[in-house]
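Dropping final.csv in here (CSV, C-alpha atoms):
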chain,number,residue,atom,x,y,z
C,1,MET,CA,59.5,19.3,25.6
C,2,LEU,CA,63.3,19.7,25.4
C,3,LYS,CA,63.4,21.1,28.8
C,4,GLN,CA,61.4,18.1,30.0
C,5,ALA,CA,63.8,15.8,28.1
C,6,ALA,CA,66.7,17.3,29.8
C,7,ASN,CA,65.1,16.9,33.2
C,8,THR,CA,63.8,13.4,32.8
C,9,MET,CA,66.6,12.0,30.9
C,10,ASN,CA,69.0,11.1,33.7
C,11,ASP,CA,72.5,10.0,33.1
C,12,ASP,CA,71.7,6.3,33.1
C,13,THR,CA,68.9,6.7,30.5
C,14,GLY,CA,71.1,8.8,28.3
C,15,ARG,CA,73.9,6.4,28.5
C,16,GLU,CA,71.7,3.4,27.8
C,17,ILE,CA,70.4,5.0,24.6
C,18,ALA,CA,73.8,6.3,23.6
C,19,ILE,CA,75.6,3.0,24.1
C,20,PHE,CA,72.8,1.0,22.4
C,21,THR,CA,72.8,3.4,19.4
C,22,GLU,CA,76.5,3.0,19.0
C,23,ALA,CA,76.5,-0.7,19.6
C,24,VAL,CA,74.0,-1.5,16.8
C,25,LYS,CA,76.5,0.0,14.4
C,26,VAL,CA,79.3,-2.3,15.7
C,27,PRO,CA,79.7,-5.7,13.9
C,28,PRO,CA,78.4,-8.5,16.0
C,29,GLN,CA,81.8,-10.1,16.6
C,30,LYS,CA,83.1,-6.8,18.0
C,31,ARG,CA,80.2,-6.0,20.2
C,32,ARG,CA,81.5,-7.8,23.3
C,33,ALA,CA,84.6,-5.8,23.3
C,34,PHE,CA,82.7,-2.6,22.6
C,35,LEU,CA,80.4,-3.3,25.6
C,36,ASP,CA,83.3,-4.1,27.9
C,37,ASP,CA,84.7,-0.7,27.1
C,38,ALA,CA,81.4,1.3,27.0
C,39,CYS,CA,79.7,-0.1,30.1
C,40,GLY,CA,82.8,-0.3,32.2
C,41,GLY,CA,81.8,-2.4,35.2
C,42,ASP,CA,78.2,-1.4,35.2
C,43,GLU,CA,76.6,-4.9,34.9
C,44,ASN,CA,73.0,-3.6,35.2
C,45,LEU,CA,73.5,-1.2,32.3
C,46,ARG,CA,75.2,-3.9,30.3
C,47,ARG,CA,72.4,-6.4,30.8
C,48,LYS,CA,69.9,-3.8,29.6
C,49,VAL,CA,71.9,-3.0,26.5
C,50,GLU,CA,72.4,-6.6,25.7
C,51,ALA,CA,68.7,-7.4,25.9
C,52,LEU,CA,68.0,-4.4,23.6
C,53,LEU,CA,70.6,-5.7,21.1
C,54,LYS,CA,69.0,-9.1,21.1
C,55,ALA,CA,65.6,-7.6,20.4
C,56,HIS,CA,67.2,-5.4,17.7
C,57,ASP,CA,68.7,-8.4,15.9
C,58,ARG,CA,65.2,-9.9,15.3
C,59,ILE,CA,63.4,-6.6,14.9
C,60,GLY,CA,62.3,-7.2,11.3
C,61,ASN,CA,59.6,-4.8,10.4
C,62,PHE,CA,58.3,-4.4,14.0
C,63,LEU,CA,56.2,-1.2,14.2
C,64,GLU,CA,57.2,-0.1,10.7
C,65,GLU,CA,53.7,-0.7,9.4
C,66,PRO,CA,50.9,1.4,10.8
C,67,PRO,CA,48.2,-0.4,12.8
C,68,SER,CA,45.8,-1.9,10.3
C,69,ASN,CA,42.6,-3.7,9.6
C,70,GLY,CA,41.9,-5.8,12.7
C,71,ALA,CA,42.8,-2.8,14.9
C,72,LEU,CA,39.5,-1.2,14.1
T,1,MET,CA,49.0,27.7,10.7
T,2,SER,CA,48.5,31.0,12.5
T,3,ASP,CA,44.9,31.1,11.2
T,4,ALA,CA,44.3,27.8,12.8
T,5,THR,CA,45.7,29.1,16.1
T,6,VAL,CA,43.2,32.0,16.0
T,7,LEU,CA,40.4,29.6,15.1
T,8,MET,CA,41.3,27.2,17.9
T,9,THR,CA,41.0,30.0,20.4
T,10,ALA,CA,37.7,31.0,18.9
T,11,THR,CA,36.5,27.4,18.9
T,12,HIS,CA,37.2,27.2,22.6
T,13,ALA,CA,35.3,30.3,23.2
T,14,GLY,CA,32.3,28.3,21.9
T,15,ASN,CA,32.2,29.7,18.4
T,16,ALA,CA,30.7,26.9,16.3
T,17,LYS,CA,31.5,28.7,13.0
T,18,ALA,CA,35.2,28.9,14.0
T,19,ALA,CA,35.2,25.2,14.7
T,20,GLU,CA,33.9,24.5,11.2
T,21,GLN,CA,36.5,26.7,9.6
T,22,LEU,CA,39.2,25.1,11.6
T,23,LEU,CA,38.2,21.7,10.6
T,24,VAL,CA,38.5,22.7,6.9
T,25,LEU,CA,41.9,24.1,7.6
T,26,VAL,CA,43.4,21.0,9.3
T,27,TYR,CA,41.2,18.3,7.8
T,28,ASP,CA,43.5,17.4,4.9
T,29,GLU,CA,46.5,17.0,7.2
T,30,LEU,CA,44.6,15.1,9.8
T,31,ARG,CA,43.1,12.9,7.1
T,32,ARG,CA,46.6,12.2,5.8
T,33,LEU,CA,47.8,11.3,9.3
T,34,ALA,CA,44.9,8.9,9.7
T,35,ALA,CA,45.4,7.3,6.4
T,36,SER,CA,49.1,6.7,6.9
T,37,LYS,CA,48.3,5.3,10.2
T,38,LEU,CA,45.9,2.8,8.9
T,39,ALA,CA,48.2,0.8,6.6
T,40,HIS,CA,48.5,0.9,2.9
T,41,GLU,CA,45.7,0.2,0.6
T,42,ALA,CA,43.8,-2.1,2.9
T,43,PRO,CA,40.2,-2.6,1.7
T,44,GLY,CA,37.9,-0.2,3.5
T,45,GLN,CA,40.8,1.9,4.5
T,46,THR,CA,39.4,5.2,3.2
T,47,LEU,CA,36.3,4.9,5.3
T,48,GLN,CA,38.3,3.9,8.4
T,49,ALA,CA,40.6,6.8,8.0
T,50,THR,CA,37.8,9.2,7.6
T,51,ALA,CA,36.0,7.8,10.6
T,52,LEU,CA,39.2,8.1,12.6
T,53,VAL,CA,39.7,11.7,11.7
T,54,HIS,CA,36.1,12.6,12.7
T,55,GLU,CA,36.4,10.8,16.0
T,56,ALA,CA,39.8,12.4,16.7
T,57,TRP,CA,38.4,15.8,15.8
T,58,LEU,CA,35.4,15.4,18.1
T,59,ARG,CA,37.6,14.6,20.9
T,60,LEU,CA,39.9,17.5,20.3
T,61,VAL,CA,37.3,20.2,20.0
T,62,GLY,CA,34.9,18.5,22.4
T,63,ASP,CA,37.3,19.1,25.2
T,64,GLN,CA,36.5,22.6,26.4
T,65,ASN,CA,39.5,22.8,28.7
T,66,ARG,CA,41.9,22.3,25.8
T,67,SER,CA,43.8,24.9,23.9
T,68,PHE,CA,46.6,24.6,21.4
T,69,SER,CA,49.5,26.9,21.5
T,70,ASN,CA,50.7,26.0,18.0
T,71,ARG,CA,50.7,23.6,15.2
T,72,GLU,CA,53.1,21.2,16.8
T,73,HIS,CA,51.0,21.1,19.9
T,74,PHE,CA,47.9,20.4,17.9
T,75,PHE,CA,49.4,17.5,16.0
T,76,ARG,CA,50.7,16.0,19.2
T,77,ALA,CA,47.2,16.2,20.6
T,78,SER,CA,45.8,14.6,17.4
T,79,ALA,CA,48.3,11.7,17.6
T,80,GLU,CA,47.3,11.1,21.2
T,81,ALA,CA,43.6,11.3,20.3
T,82,MET,CA,44.1,8.8,17.5
T,83,ARG,CA,46.0,6.4,19.7
T,84,ARG,CA,43.4,6.5,22.3
T,85,ILE,CA,40.6,5.8,19.8
T,86,LEU,CA,42.4,2.8,18.5
T,87,ILE,CA,43.2,1.4,21.9
T,88,ASP,CA,39.6,2.0,23.1
T,89,LYS,CA,38.3,0.1,20.0
T,90,ALA,CA,40.8,-2.7,20.6
T,91,ARG,CA,39.7,-2.9,24.3
T,92,ARG,CA,36.0,-3.1,23.4
T,93,LYS,CA,36.6,-5.8,20.9
T,94,HIS,CA,38.7,-7.7,23.4
T,95,THR,CA,36.1,-7.4,26.1
T,96,VAL,CA,33.3,-8.6,23.8
T,97,ARG,CA,35.3,-11.6,22.7
T,98,HIS,CA,36.3,-12.7,26.2
T,99,GLY,CA,32.9,-12.2,27.7
T,100,GLY,CA,33.8,-9.2,29.7
T,101,ASP,CA,36.8,-10.1,31.7
T,102,TYR,CA,40.3,-9.3,30.8
T,103,GLN,CA,42.5,-12.2,30.2
T,104,ARG,CA,46.2,-12.7,29.6
T,105,VAL,CA,46.9,-11.8,26.0
T,106,ASP,CA,48.3,-14.7,24.0
T,107,LEU,CA,51.2,-13.3,22.0
T,108,GLU,CA,51.7,-16.3,19.9
T,109,GLY,CA,51.6,-15.2,16.3
T,110,PHE,CA,52.3,-11.6,17.2
T,111,ASP,CA,52.5,-9.8,13.9
T,112,LEU,CA,55.9,-8.1,14.0
T,113,ALA,CA,55.3,-5.7,11.2
T,114,ALA,CA,51.9,-4.5,12.2
T,115,PRO,CA,50.2,-5.6,15.4
T,116,ALA,CA,47.0,-5.6,13.6
T,117,SER,CA,44.8,-7.5,16.0
T,118,GLY,CA,43.3,-5.7,18.9
T,119,ASP,CA,45.0,-7.9,21.4
T,120,CYS,CA,48.5,-7.2,20.0
T,121,LEU,CA,47.7,-3.5,20.0
T,122,LEU,CA,46.7,-3.7,23.6
T,123,ALA,CA,49.9,-5.6,24.4
T,124,LEU,CA,51.9,-2.9,22.6
T,125,ASN,CA,50.0,-0.1,24.4
T,126,GLU,CA,50.7,-1.7,27.8
T,127,ALA,CA,54.4,-1.9,26.9
T,128,LEU,CA,54.3,1.7,25.7
T,129,ASP,CA,52.8,2.8,29.1
T,130,LYS,CA,55.7,1.2,30.8
T,131,PHE,CA,58.2,2.7,28.4
T,132,ALA,CA,56.8,6.1,29.0
T,133,LEU,CA,57.6,5.9,32.7
T,134,GLU,CA,61.3,5.3,31.9
T,135,HIS,CA,61.6,7.1,28.6
T,136,PRO,CA,58.9,9.8,28.3
T,137,VAL,CA,60.5,11.6,25.3
T,138,GLN,CA,61.0,8.4,23.3
T,139,ALA,CA,57.5,7.2,24.1
T,140,GLU,CA,56.1,10.5,22.8
T,141,LEU,CA,58.1,9.8,19.6
T,142,VAL,CA,56.6,6.4,19.2
T,143,LYS,CA,53.1,7.9,19.5
T,144,LEU,CA,53.9,10.4,16.7
T,145,ARG,CA,55.8,8.0,14.5
T,146,TYR,CA,53.6,4.9,14.9
T,147,PHE,CA,50.2,6.0,16.1
T,148,ALA,CA,50.0,9.2,14.1
T,149,GLY,CA,52.0,7.9,11.2
T,150,LEU,CA,54.4,11.0,11.0
T,151,THR,CA,57.6,10.7,9.0
T,152,ASN,CA,61.0,11.1,10.7
T,153,GLU,CA,61.2,14.6,9.3
T,154,GLU,CA,57.7,15.5,10.7
T,155,VAL,CA,58.6,14.1,14.1
T,156,SER,CA,61.8,16.1,14.0
T,157,GLU,CA,59.8,19.2,13.4
T,158,VAL,CA,57.2,18.6,16.0
T,159,MET,CA,59.6,17.5,18.7
T,160,ARG,CA,62.3,20.0,17.8
T,161,ILE,CA,65.1,17.4,17.7
T,162,SER,CA,67.3,16.5,14.7
T,163,VAL,CA,66.3,13.8,12.2
T,164,SER,CA,69.3,11.7,13.2
T,165,THR,CA,68.2,11.8,16.8
T,166,VAL,CA,64.7,10.8,15.7
T,167,LYS,CA,66.2,7.8,13.9
T,168,ASN,CA,68.3,6.8,16.9
T,169,TYR,CA,65.4,7.1,19.3
T,170,TRP,CA,63.1,5.2,17.0
T,171,THR,CA,65.6,2.3,16.7
T,172,PHE,CA,66.0,2.3,20.5
T,173,SER,CA,62.3,2.5,21.1
T,174,ARG,CA,61.4,-0.4,18.8
T,175,ALA,CA,64.1,-2.7,20.4
T,176,TRP,CA,62.9,-1.7,23.9
T,177,LEU,CA,59.2,-2.4,23.1
T,178,LEU,CA,59.9,-5.7,21.3
T,179,ASN,CA,62.0,-6.8,24.2
T,180,GLU,CA,59.3,-5.8,26.7
T,181,ILE,CA,56.5,-7.5,24.8
T,182,GLU,CA,58.4,-10.7,24.3
T,183,SER,CA,59.6,-11.0,27.9
T,184,GLU,CA,56.1,-10.5,29.3

Mind turning the file's structure into structure tokens?
Amino acid sequence: MLKQAANTMNDDTGREIAIFTEAVKVPPQKRRAFLDDACGGDENLRRKVEALLKAHDRIGNFLEEPPSNGAL
Amino acid sequence: MSDATVLMTATHAGNAKAAEQLLVLVYDELRRLAASKLAHEAPGQTLQATALVHEAWLRLVGDQNRSFSNREHFFRASAEAMRRILIDKARRKHTVRHGGDYQRVDLEGFDLAAPASGDCLLALNEALDKFALEHPVQAELVKLRYFAGLTNEEVSEVMRISVSTVKNYWTFSRAWLLNEIESE
């Protein structure tokens, strides 16, 4: 599994996760500056992380409860 | 769980008695997985969890080509079996309701905490398939954490990654999946 992780997790994927993980800990007003710095000029990466941060801001309890009742 | 490993081997050699003993060994843990998967205290939950364990069990031992190298492997397979059972059920329900043809899933009223309805579960599963193509390790984590109801600590043990990595991946995965589901 770990070997697979190392193989499949290319640099972009690793960076996306790492930057997102750090960014959620940054206060909202400082995020822009953080992303400027972390993403450099990589607009594609930045767009991805920004979309994730938006989702994260309204995440609520998403997936925190197991599938229930109506599922079966 | 080395007893279980031996029994799994015997089970796959077609030893019915071994299968029975193995079920006793892993039953409680599987039962707990299924129960935690099926929401808290919902009416009829006990029956559902038991049914899910039995169905998962039949799939696991029914597959003659399958062998388990260790406990972690076994629980990964169980999580996958349970996920498939839930998805299959949701698909059947969906098909019946829509007269046999698949239609676009209406995500209005998507229950964020627990995509309880079959359609929401299907939408989640579709997003998860897509997620797995880009992020296979994190998708595996979602299956264990969400579909098998493992705790962060248990996922850490099964996937052999630190608990803090589990937490980071989980936060990332939830955001990714919500973004994907809502942008569909």

Inset, instruction - Counting only C-alpha atoms, figure out which residue out of C:Ile59, C:Lys25, C:Phe20, C:Glu65 gets nearest to Arg46 in chain C. - result: C:Phe20

Inset, instruction - Name all residues at most 10 Å from range 32-40 of chain C (count all atoms listed in the file; drop same-chain ones fewer than 2 positions away) and give them as a ChimeraX atom specification. - result: /C:15-16,18-20,22-23,26-30,42-47,49-50

Inset, instruction - Mind giving me the straight-line distance from CA of Met159 in chain T to CA of Ser78 in chain T in Å, one decimal? - result: 14.2 Å
